[in-house]
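Participant: There's a structure below that I have some questions on.
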Amino acid sequence: MSYWRTCLDLLKTCLLLLPATTAAAQLLPPVHREPRYPAKDARVLLSDEAIVRARGYMEQHAEARAIAQGIVSQADKWMAWEDAALRGLAPTADVPRAFNVGTAGCPKCGQEIYAHGGTYPWIIDPKRPFTVQCPVDGSIYPSNDFAAHYAAGLPQGASLAGDYADGGRGWVGPTGEKYWFVAYANHWTWQTHTIPAVQNLARAYILTGDVRYGRKAAILLDRIAEVYPNMDYHAQSRYGELQAGRGGRYEGKILNAIWETNVLTNLAEAYDYAWECIDDNTVAGKSADQVRANIEANLLEEGIEAYFDDKVLGNFGMHQKALVYAGLVRQYGPQKEWFDSLLLDAGADDRRTGFHYALYNLVYRDGAPYETAPGYNFSWVENLTTIADALRMAGYEMHRIPKMQRIYDAVLDVVNVGAHTPALGDSGSVRGGMIGRNAS
C-alpha cells in the first residue's frame, strides 16, 4: 500500500469519527482519477456466439426462458426510474454503511424484531431512502429527514428533529446503545438494490438486445464510478468504528472486504455487457469517451488497486474471481502481472496463496479443500471453475493442473445415497438434505 493512500485512509478515519454536529459540510472532496491504460475497445466476457446460443436456449427451453424472464422483470423495475433518481441509488462515501443496526434490536420492540427476518430483519425501500422500518410494529427510523440533510450537503450544526434522530453515524439510546438506522439502510440498499440493479440491467441487454437496458446500466455505473474512489469501509461503517475502537481495522470499499468481492465482480461484468451501449447521449453532459474513462479508471482500476490493498478480500476464490473479472474487462492493463500473481505467489496469507500452491497445500489428497464445511468447500469449486474458464481468455489453463480434477471428485464423493451431504461446520442440518446443487 502506498504512503499517500495510507495517509488518506487515516484522514478519512479521523474525519468520519467526528461527532455529526461538528462534521464539515462536505467531509470528502470528490476524487477523480484518469485512466492508466488504453481504453477498452470490445466486450470480452461473452462472445457473440455465446449470446446467440443463450438466446436460442430461451426459445427452446422453458427453464431458460424462465431464468431470462426473471432477469428482465427485475431490470424493468429500474427502467421506470428517471435517470436522476437512479443515480441517487449511489450516494457519496459521506453516508456510512452498517450491515447491522446494532445489537439491541428495535428501540420500541427490542429483540422481538429478530423473529421477523432473522439476522437482518429491518425493511428497507429504495423509494424511501436512508430509512428502516420495523417489521413488528411498522415504526420508521430515524425520526429526522436524513435524505433532505444529505441533499443539503450535510450542513454543519444542522438540527436533526425527533426522538430518534440519526445524522448518519447513529442514534444513541438511553442505555448508551447506538442504532445505525441510516447506515443500515444505505448498506442494504447498495447490496440488495443498487448492485443487483446494475447487474440485471446489463444482463437484460445481453438477453434481449435492447440497448435501453444497457444504457440504463451505464448511467448507474457512471455514478458508482464517481463515488467509488472515496469508499473506505473501515472509516465509514459501524463495524469499522467498532474495530477502530479496539485498535484494529475492518477493510472494504462500499461493503466490507468479503462482500466487496461480489461488488467488484458484478460491476465488472455489468460494464463489460453494457459497454457497447454507451453513446454520447447516455449520461447528460458527458461524451461516451468520458463515461467509459470514468468507469474504467474510477471503478475498475480503483477496484483492482483495492484488491492489492486487501480491501477486496474474501474466502479463497472470491477475491481472485473479482481480480480476474476486473482485469479481463479492463482489457489493456498489465494482465500478465495480475494473473501470474494468482497462480504463482506462495502468499503469507492462505487466502492470497497462488493456485498452483493452494491446490496441493490447502486441498487434501481426496480433493476436499481445507475449509471443512461442505458449503465452503463447494464454493471453491464454483469460484475456481469460474476463474479457470475466465482465465482461458488470457491464455491460462488452470484445468490442466492435475489437482483441479480432485476438487470435483471430492464434492461428488461426499454426497451420500444421492440425497444428502454431511452436516459439518455450518453446512446442512440434522434433518439432512442436499446442499451445493450447482452447475460447476
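Just so we're on the same page: first chain in the C-alpha cells is A, next is B, and so on; residues restart at 1 for each chain, and ligands are numbered from 1 in the order they show up.
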If we count only C-alpha atoms and set the cut-off at 7 Å, which residues sit around region 223-226 of chain A, ignoring sequence neighbours fewer than 2 positions away in its own chain? Please answer as a PyMOL selection string.

Facilitator: chain A and resi 87+90+219-221+228+294-295+298-299

Participant: Just the residues within 7 Å of region 349-360 of chain A, please, counting only C-alpha atoms, with nothing from its chain fewer than 4 positions along; format it as a list in words.

Facilitator: Asn315, Phe316, Ser341, Leu342, Leu343, Leu344, Asp345 and Lys403 of chain A

Participant: Given only C-alpha atoms, how would the per-residue table for region 169-202 of chain A near region 118-122 of chain A read, listing every residue at most 12 Å away with its closest atom pair and distance in Å to one decimal, sorted by chain and number, as a Markdown table?

Facilitator:
| residue | atom | partner | partner_atom | distance |
| --- | --- | --- | --- | --- |
| A:Trp180 | CA | A:Trp122 | CA | 11.6 |
| A:Phe181 | CA | A:Trp122 | CA | 9.4 |
| A:Val182 | CA | A:Trp122 | CA | 11.7 |
| A:Tyr184 | CA | A:Trp122 | CA | 8.7 |
| A:Ala185 | CA | A:Trp122 | CA | 8.6 |
| A:His187 | CA | A:Tyr120 | CA | 11.4 |
| A:Trp188 | CA | A:Tyr120 | CA | 9.3 |
| A:Thr189 | CA | A:Trp122 | CA | 11.7 |
| A:Thr192 | CA | A:Tyr120 | CA | 12.0 |

Participant: Restricting it to all heavy atoms, dump the selection as a JSON list (two decimals), in the first residue's frame.

Facilitator:
[["chain", "number", "residue", "atom", "x", "y", "z"],
["A", 180, "TRP", "N", -27.71, 2.33, 14.22],
["A", 180, "TRP", "CA", -27.24, 2.88, 12.95],
["A", 180, "TRP", "C", -28.34, 2.75, 11.89],
["A", 180, "TRP", "O", -28.22, 1.97, 10.95],
["A", 180, "TRP", "CB", -25.98, 2.15, 12.51],
["A", 180, "TRP", "CG", -24.80, 2.37, 13.39],
["A", 180, "TRP", "CD1", -24.60, 1.92, 14.66],
["A", 180, "TRP", "CD2", -23.60, 3.09, 13.05],
["A", 180, "TRP", "NE1", -23.38, 2.31, 15.14],
["A", 180, "TRP", "CE2", -22.73, 3.04, 14.17],
["A", 180, "TRP", "CE3", -23.18, 3.77, 11.91],
["A", 180, "TRP", "CZ2", -21.48, 3.63, 14.18],
["A", 180, "TRP", "CZ3", -21.93, 4.36, 11.91],
["A", 180, "TRP", "CH2", -21.10, 4.30, 13.03],
["A", 181, "PHE", "N", -29.39, 3.53, 12.02],
["A", 181, "PHE", "CA", -30.53, 3.43, 11.10],
["A", 181, "PHE", "C", -30.13, 3.80, 9.67],
["A", 181, "PHE", "O", -30.36, 3.05, 8.72],
["A", 181, "PHE", "CB", -31.67, 4.35, 11.55],
["A", 181, "PHE", "CG", -32.15, 4.13, 12.94],
["A", 181, "PHE", "CD1", -32.18, 5.18, 13.86],
["A", 181, "PHE", "CD2", -32.61, 2.89, 13.37],
["A", 181, "PHE", "CE1", -32.64, 5.00, 15.16],
["A", 181, "PHE", "CE2", -33.07, 2.69, 14.66],
["A", 181, "PHE", "CZ", -33.08, 3.76, 15.56],
["A", 182, "VAL", "N", -29.55, 4.98, 9.51],
["A", 182, "VAL", "CA", -29.20, 5.49, 8.19],
["A", 182, "VAL", "C", -28.17, 4.58, 7.51],
["A", 182, "VAL", "O", -28.30, 4.22, 6.34],
["A", 182, "VAL", "CB", -28.67, 6.93, 8.29],
["A", 182, "VAL", "CG1", -28.04, 7.38, 6.96],
["A", 182, "VAL", "CG2", -29.78, 7.89, 8.70],
["A", 184, "TYR", "N", -27.48, 1.41, 8.07],
["A", 184, "TYR", "CA", -28.05, 0.11, 7.71],
["A", 184, "TYR", "C", -28.85, 0.23, 6.41],
["A", 184, "TYR", "O", -28.71, -0.59, 5.50],
["A", 184, "TYR", "CB", -28.95, -0.38, 8.84],
["A", 184, "TYR", "CG", -29.58, -1.74, 8.60],
["A", 184, "TYR", "CD1", -29.00, -2.90, 9.11],
["A", 184, "TYR", "CD2", -30.78, -1.88, 7.89],
["A", 184, "TYR", "CE1", -29.59, -4.15, 8.92],
["A", 184, "TYR", "CE2", -31.37, -3.12, 7.69],
["A", 184, "TYR", "CZ", -30.77, -4.25, 8.21],
["A", 184, "TYR", "OH", -31.35, -5.48, 8.01],
["A", 185, "ALA", "N", -29.70, 1.26, 6.33],
["A", 185, "ALA", "CA", -30.49, 1.44, 5.11],
["A", 185, "ALA", "C", -29.59, 1.63, 3.91],
["A", 185, "ALA", "O", -29.85, 1.09, 2.82],
["A", 185, "ALA", "CB", -31.42, 2.65, 5.29],
["A", 187, "HIS", "N", -26.36, 0.61, 3.55],
["A", 187, "HIS", "CA", -25.65, -0.63, 3.25],
["A", 187, "HIS", "C", -26.53, -1.60, 2.45],
["A", 187, "HIS", "O", -26.12, -2.12, 1.41],
["A", 187, "HIS", "CB", -25.19, -1.28, 4.55],
["A", 187, "HIS", "CG", -24.44, -2.57, 4.36],
["A", 187, "HIS", "ND1", -23.11, -2.72, 4.69],
["A", 187, "HIS", "CD2", -24.83, -3.79, 3.88],
["A", 187, "HIS", "CE1", -22.72, -3.95, 4.42],
["A", 187, "HIS", "NE2", -23.75, -4.62, 3.93],
["A", 188, "TRP", "N", -27.73, -1.84, 2.95],
["A", 188, "TRP", "CA", -28.57, -2.85, 2.32],
["A", 188, "TRP", "C", -29.22, -2.36, 1.03],
["A", 188, "TRP", "O", -29.61, -3.18, 0.18],
["A", 188, "TRP", "CB", -29.59, -3.38, 3.32],
["A", 188, "TRP", "CG", -28.91, -4.26, 4.32],
["A", 188, "TRP", "CD1", -28.57, -3.96, 5.60],
["A", 188, "TRP", "CD2", -28.40, -5.59, 4.09],
["A", 188, "TRP", "NE1", -27.90, -5.00, 6.19],
["A", 188, "TRP", "CE2", -27.78, -6.02, 5.29],
["A", 188, "TRP", "CE3", -28.41, -6.44, 3.00],
["A", 188, "TRP", "CZ2", -27.18, -7.27, 5.41],
["A", 188, "TRP", "CZ3", -27.82, -7.69, 3.11],
["A", 188, "TRP", "CH2", -27.22, -8.09, 4.32],
["A", 189, "THR", "N", -29.34, -1.04, 0.86],
["A", 189, "THR", "CA", -29.76, -0.53, -0.45],
["A", 189, "THR", "C", -28.68, -0.83, -1.48],
["A", 189, "THR", "O", -28.97, -1.31, -2.59],
["A", 189, "THR", "CB", -30.04, 0.97, -0.38],
["A", 189, "THR", "OG1", -31.14, 1.21, 0.51],
["A", 189, "THR", "CG2", -30.41, 1.51, -1.77],
["A", 192, "THR", "N", -28.65, -4.96, -1.88],
["A", 192, "THR", "CA", -29.82, -5.69, -2.38],
["A", 192, "THR", "C", -30.59, -4.94, -3.46],
["A", 192, "THR", "O", -31.53, -5.50, -4.04],
["A", 192, "THR", "CB", -30.79, -6.03, -1.23],
["A", 192, "THR", "OG1", -31.25, -4.82, -0.62],
["A", 192, "THR", "CG2", -30.12, -6.88, -0.19]]

Participant: What does the structure give for the distance between CA of Gly162 (chain A) and CA of Gly117 (chain A), in Å to one decimal?

Facilitator: 26.8 Å

Participant: If we count only C-alpha atoms, what is near region 32-44 of chain A at a cut-off of 6 Å, once residues fewer than 4 positions away on the same chain are taken out, given as a list in words?

Facilitator: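 Result of the neighbour search: Asp272, Ala297, Gln331, Tyr332 and Gly333 of chain A.
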
Participant: Please provide the set of residues having any atom within 12 Å of Glu371 (chain A), restricted to only C-alpha atoms, with same-chain residues fewer than 5 positions apart removed, written as a compact mmCIF listing (two decimals) with all heavy atoms, in the first residue's frame.

Facilitator:
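Full text of part.txt as output:
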# COMPACT_ATOMS: atom_id res chain seq x y z
N ASN A 315 -13.18 -15.28 1.22
CA ASN A 315 -12.72 -16.65 1.30
C ASN A 315 -11.99 -17.01 0.00
O ASN A 315 -12.16 -16.35 -1.02
CB ASN A 315 -13.90 -17.60 1.51
CG ASN A 315 -14.56 -17.38 2.86
OD1 ASN A 315 -15.19 -16.36 3.09
ND2 ASN A 315 -14.42 -18.34 3.74
N PHE A 316 -11.20 -18.07 0.06
CA PHE A 316 -10.37 -18.42 -1.10
C PHE A 316 -11.23 -18.55 -2.35
O PHE A 316 -12.24 -19.25 -2.36
CB PHE A 316 -9.61 -19.72 -0.84
CG PHE A 316 -8.50 -19.96 -1.83
CD1 PHE A 316 -7.24 -19.47 -1.61
CD2 PHE A 316 -8.75 -20.64 -3.02
CE1 PHE A 316 -6.22 -19.67 -2.54
CE2 PHE A 316 -7.75 -20.84 -3.95
CZ PHE A 316 -6.47 -20.35 -3.70
N ASP A 350 -3.07 -17.55 3.66
CA ASP A 350 -3.65 -18.63 2.86
C ASP A 350 -4.59 -18.10 1.78
O ASP A 350 -4.66 -18.66 0.67
CB ASP A 350 -4.42 -19.60 3.76
CG ASP A 350 -3.50 -20.51 4.56
OD1 ASP A 350 -2.29 -20.51 4.28
OD2 ASP A 350 -4.00 -21.20 5.46
N ARG A 351 -5.31 -17.03 2.10
CA ARG A 351 -6.29 -16.52 1.14
C ARG A 351 -5.62 -15.93 -0.10
O ARG A 351 -6.25 -15.81 -1.14
CB ARG A 351 -7.17 -15.46 1.82
CG ARG A 351 -8.06 -16.02 2.93
CD ARG A 351 -8.76 -14.91 3.68
NE ARG A 351 -7.81 -14.04 4.38
CZ ARG A 351 -8.17 -12.93 5.02
NH1 ARG A 351 -9.43 -12.55 5.05
NH2 ARG A 351 -7.26 -12.20 5.64
N LEU A 362 -3.51 -26.61 0.37
CA LEU A 362 -4.75 -26.25 1.06
C LEU A 362 -5.89 -27.19 0.68
O LEU A 362 -7.02 -26.98 1.08
CB LEU A 362 -5.14 -24.80 0.73
CG LEU A 362 -4.10 -23.73 1.06
CD1 LEU A 362 -4.64 -22.34 0.69
CD2 LEU A 362 -3.73 -23.76 2.54
N VAL A 363 -5.58 -28.20 -0.09
CA VAL A 363 -6.57 -29.20 -0.51
C VAL A 363 -6.03 -30.58 -0.13
O VAL A 363 -4.89 -30.91 -0.45
CB VAL A 363 -6.82 -29.13 -2.04
CG1 VAL A 363 -7.77 -30.23 -2.48
CG2 VAL A 363 -7.38 -27.76 -2.42
N TYR A 364 -6.86 -31.36 0.56
CA TYR A 364 -6.43 -32.69 0.99
C TYR A 364 -6.29 -33.65 -0.20
O TYR A 364 -6.73 -33.35 -1.31
CB TYR A 364 -7.42 -33.24 2.01
CG TYR A 364 -7.44 -32.47 3.31
CD1 TYR A 364 -8.48 -31.59 3.59
CD2 TYR A 364 -6.42 -32.61 4.25
CE1 TYR A 364 -8.50 -30.86 4.78
CE2 TYR A 364 -6.44 -31.90 5.44
CZ TYR A 364 -7.48 -31.02 5.70
OH TYR A 364 -7.48 -30.31 6.86
N TYR A 376 -18.66 -24.39 2.21
CA TYR A 376 -17.50 -23.59 1.85
C TYR A 376 -16.62 -24.32 0.84
O TYR A 376 -16.05 -23.72 -0.06
CB TYR A 376 -16.69 -23.24 3.10
CG TYR A 376 -17.31 -22.15 3.93
CD1 TYR A 376 -18.04 -22.44 5.08
CD2 TYR A 376 -17.19 -20.82 3.56
CE1 TYR A 376 -18.62 -21.44 5.84
CE2 TYR A 376 -17.77 -19.80 4.30
CZ TYR A 376 -18.49 -20.12 5.45
OH TYR A 376 -19.07 -19.12 6.19
N ASN A 377 -16.49 -25.64 0.99
CA ASN A 377 -15.72 -26.40 0.02
C ASN A 377 -16.35 -26.36 -1.36
O ASN A 377 -15.66 -26.29 -2.38
CB ASN A 377 -15.57 -27.85 0.48
CG ASN A 377 -14.60 -27.99 1.65
OD1 ASN A 377 -13.87 -27.06 1.96
ND2 ASN A 377 -14.60 -29.14 2.30
N PHE A 378 -17.69 -26.40 -1.41
CA PHE A 378 -18.36 -26.30 -2.70
C PHE A 378 -18.10 -24.94 -3.33
O PHE A 378 -18.05 -24.81 -4.55
CB PHE A 378 -19.87 -26.51 -2.53
CG PHE A 378 -20.27 -27.94 -2.28
CD1 PHE A 378 -19.34 -28.91 -1.97
CD2 PHE A 378 -21.59 -28.32 -2.36
CE1 PHE A 378 -19.71 -30.22 -1.73
CE2 PHE A 378 -21.98 -29.63 -2.12
CZ PHE A 378 -21.03 -30.58 -1.82
N SER A 379 -17.94 -23.89 -2.51
CA SER A 379 -17.67 -22.57 -3.07
C SER A 379 -16.32 -22.53 -3.77
O SER A 379 -16.12 -21.78 -4.72
CB SER A 379 -17.75 -21.49 -1.98
OG SER A 379 -16.60 -21.50 -1.16
N TRP A 380 -15.37 -23.36 -3.30
CA TRP A 380 -14.10 -23.47 -4.01
C TRP A 380 -14.35 -23.94 -5.44
O TRP A 380 -13.79 -23.40 -6.39
CB TRP A 380 -13.18 -24.48 -3.31
CG TRP A 380 -12.41 -23.96 -2.16
CD1 TRP A 380 -12.91 -23.41 -1.01
CD2 TRP A 380 -10.99 -23.96 -2.01
NE1 TRP A 380 -11.88 -23.08 -0.16
CE2 TRP A 380 -10.70 -23.41 -0.75
CE3 TRP A 380 -9.94 -24.39 -2.82
CZ2 TRP A 380 -9.39 -23.26 -0.28
CZ3 TRP A 380 -8.64 -24.24 -2.36
CH2 TRP A 380 -8.37 -23.68 -1.10
N LEU A 424 -21.74 -30.73 8.49
CA LEU A 424 -20.48 -30.40 9.17
C LEU A 424 -20.30 -28.90 9.22
O LEU A 424 -20.69 -28.19 8.30
CB LEU A 424 -19.29 -31.01 8.43
CG LEU A 424 -19.27 -32.54 8.30
CD1 LEU A 424 -18.14 -32.97 7.38
CD2 LEU A 424 -19.11 -33.18 9.67
N GLY A 425 -19.67 -28.41 10.30
CA GLY A 425 -19.46 -26.98 10.42
C GLY A 425 -20.79 -26.25 10.38
O GLY A 425 -21.73 -26.60 11.10
N ASP A 426 -20.89 -25.22 9.52
CA ASP A 426 -22.16 -24.50 9.42
C ASP A 426 -22.89 -24.85 8.12
O ASP A 426 -23.60 -24.03 7.55
CB ASP A 426 -21.94 -22.99 9.53
CG ASP A 426 -20.97 -22.46 8.49
OD1 ASP A 426 -20.50 -23.25 7.67
OD2 ASP A 426 -20.69 -21.25 8.52
N SER A 427 -22.70 -26.09 7.65
CA SER A 427 -23.39 -26.53 6.43
C SER A 427 -24.40 -27.63 6.78
O SER A 427 -24.07 -28.57 7.50
CB SER A 427 -22.39 -27.09 5.42
OG SER A 427 -21.53 -26.09 4.94

Participant: Do you know which residues are at most 12 Å from region 50-61 of chain A counting only C-alpha atoms, after dropping those on the same chain fewer than 3 positions away, and could you put them as a list in words?

Facilitator: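 Using only C-alpha atoms, the neighbours found are Arg43, Val44, Leu45, Leu46, Ser47, Ala64, Arg65, Ala66, Ile67, Ala68, Gln69, Gly70, Arg203, Ala204, Tyr205, Ile206, Leu207, Thr208, Gly209 and Tyr273 of chain A.
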
Participant: Quick one: everything within 10 Å of region 305-308 of chain A, counting only C-alpha atoms, minus sequence neighbours fewer than 6 positions away in the same chain. Send it as a PyMOL selection string.

Facilitator: chain A and resi 1+229+232+251-253+257+260-261+264+299+319-320+322-323+338+352

Participant: Which parts of region 32-268 of chain A does DSSP call strand (DSSP E) when run on the backbone here, written out as a VMD selection string?

Facilitator: chain A and resid 132 to 133 140 to 141 171 to 172 178 to 179

Participant: Set the distance at 10 Å and use only C-alpha atoms: which residues neighbour Val211 (chain A) once local chain neighbours fewer than 4 positions away are removed? I'd like the list as a list of chain:residue names.

Facilitator: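 The contact residues come out as A:Leu201, A:Ala202, A:Ala204, A:Tyr205, A:Ile206, A:Arg215, A:Lys216, A:Ala217, A:Ala274, A:Glu276, A:Cys277, A:Ile278.
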
Participant: Please produce a file of the residues just selected, as a PDB file, in the first residue's frame, where the atoms kept are N, CA, C and O atoms.

Facilitator:
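Dumped to result-v8.pdb:
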ATOM      1  N   LEU A 201     -29.834  -5.008 -15.263  1.00  0.00           N
ATOM      2  CA  LEU A 201     -29.992  -4.173 -16.451  1.00  0.00           C
ATOM      3  C   LEU A 201     -29.017  -4.599 -17.550  1.00  0.00           C
ATOM      4  O   LEU A 201     -29.390  -4.712 -18.722  1.00  0.00           O
ATOM      5  N   ALA A 202     -27.754  -4.844 -17.157  1.00  0.00           N
ATOM      6  CA  ALA A 202     -26.756  -5.244 -18.153  1.00  0.00           C
ATOM      7  C   ALA A 202     -27.070  -6.621 -18.728  1.00  0.00           C
ATOM      8  O   ALA A 202     -26.928  -6.851 -19.939  1.00  0.00           O
ATOM      9  N   ALA A 204     -30.030  -7.977 -18.898  1.00  0.00           N
ATOM     10  CA  ALA A 204     -31.240  -7.858 -19.719  1.00  0.00           C
ATOM     11  C   ALA A 204     -30.881  -7.398 -21.124  1.00  0.00           C
ATOM     12  O   ALA A 204     -31.496  -7.837 -22.112  1.00  0.00           O
ATOM     13  N   TYR A 205     -29.898  -6.509 -21.235  1.00  0.00           N
ATOM     14  CA  TYR A 205     -29.444  -6.107 -22.575  1.00  0.00           C
ATOM     15  C   TYR A 205     -28.890  -7.310 -23.345  1.00  0.00           C
ATOM     16  O   TYR A 205     -29.220  -7.524 -24.515  1.00  0.00           O
ATOM     17  N   ILE A 206     -28.046  -8.093 -22.703  1.00  0.00           N
ATOM     18  CA  ILE A 206     -27.445  -9.254 -23.370  1.00  0.00           C
ATOM     19  C   ILE A 206     -28.529 -10.223 -23.833  1.00  0.00           C
ATOM     20  O   ILE A 206     -28.471 -10.776 -24.937  1.00  0.00           O
ATOM     21  N   ARG A 215     -27.916   1.070 -21.665  1.00  0.00           N
ATOM     22  CA  ARG A 215     -27.686   2.485 -21.366  1.00  0.00           C
ATOM     23  C   ARG A 215     -28.061   2.802 -19.922  1.00  0.00           C
ATOM     24  O   ARG A 215     -27.376   3.570 -19.243  1.00  0.00           O
ATOM     25  N   LYS A 216     -29.147   2.215 -19.453  1.00  0.00           N
ATOM     26  CA  LYS A 216     -29.565   2.459 -18.068  1.00  0.00           C
ATOM     27  C   LYS A 216     -28.523   1.904 -17.100  1.00  0.00           C
ATOM     28  O   LYS A 216     -28.212   2.522 -16.081  1.00  0.00           O
ATOM     29  N   ALA A 217     -27.983   0.736 -17.424  1.00  0.00           N
ATOM     30  CA  ALA A 217     -26.916   0.176 -16.588  1.00  0.00           C
ATOM     31  C   ALA A 217     -25.710   1.110 -16.573  1.00  0.00           C
ATOM     32  O   ALA A 217     -25.085   1.336 -15.524  1.00  0.00           O
ATOM     33  N   ALA A 274     -22.541  -3.905 -20.834  1.00  0.00           N
ATOM     34  CA  ALA A 274     -23.201  -2.658 -21.238  1.00  0.00           C
ATOM     35  C   ALA A 274     -22.296  -1.751 -22.062  1.00  0.00           C
ATOM     36  O   ALA A 274     -22.776  -0.767 -22.633  1.00  0.00           O
ATOM     37  N   GLU A 276     -20.904  -1.590 -24.963  1.00  0.00           N
ATOM     38  CA  GLU A 276     -21.180  -1.226 -26.347  1.00  0.00           C
ATOM     39  C   GLU A 276     -22.444  -0.377 -26.494  1.00  0.00           C
ATOM     40  O   GLU A 276     -22.693   0.170 -27.579  1.00  0.00           O
ATOM     41  N   CYS A 277     -23.223  -0.228 -25.410  1.00  0.00           N
ATOM     42  CA  CYS A 277     -24.450   0.582 -25.469  1.00  0.00           C
ATOM     43  C   CYS A 277     -24.189   2.059 -25.172  1.00  0.00           C
ATOM     44  O   CYS A 277     -25.073   2.898 -25.354  1.00  0.00           O
ATOM     45  N   ILE A 278     -23.003   2.376 -24.693  1.00  0.00           N
ATOM     46  CA  ILE A 278     -22.715   3.747 -24.259  1.00  0.00           C
ATOM     47  C   ILE A 278     -22.474   4.633 -25.476  1.00  0.00           C
ATOM     48  O   ILE A 278     -21.636   4.330 -26.329  1.00  0.00           O
TER      49      ILE A 278
END
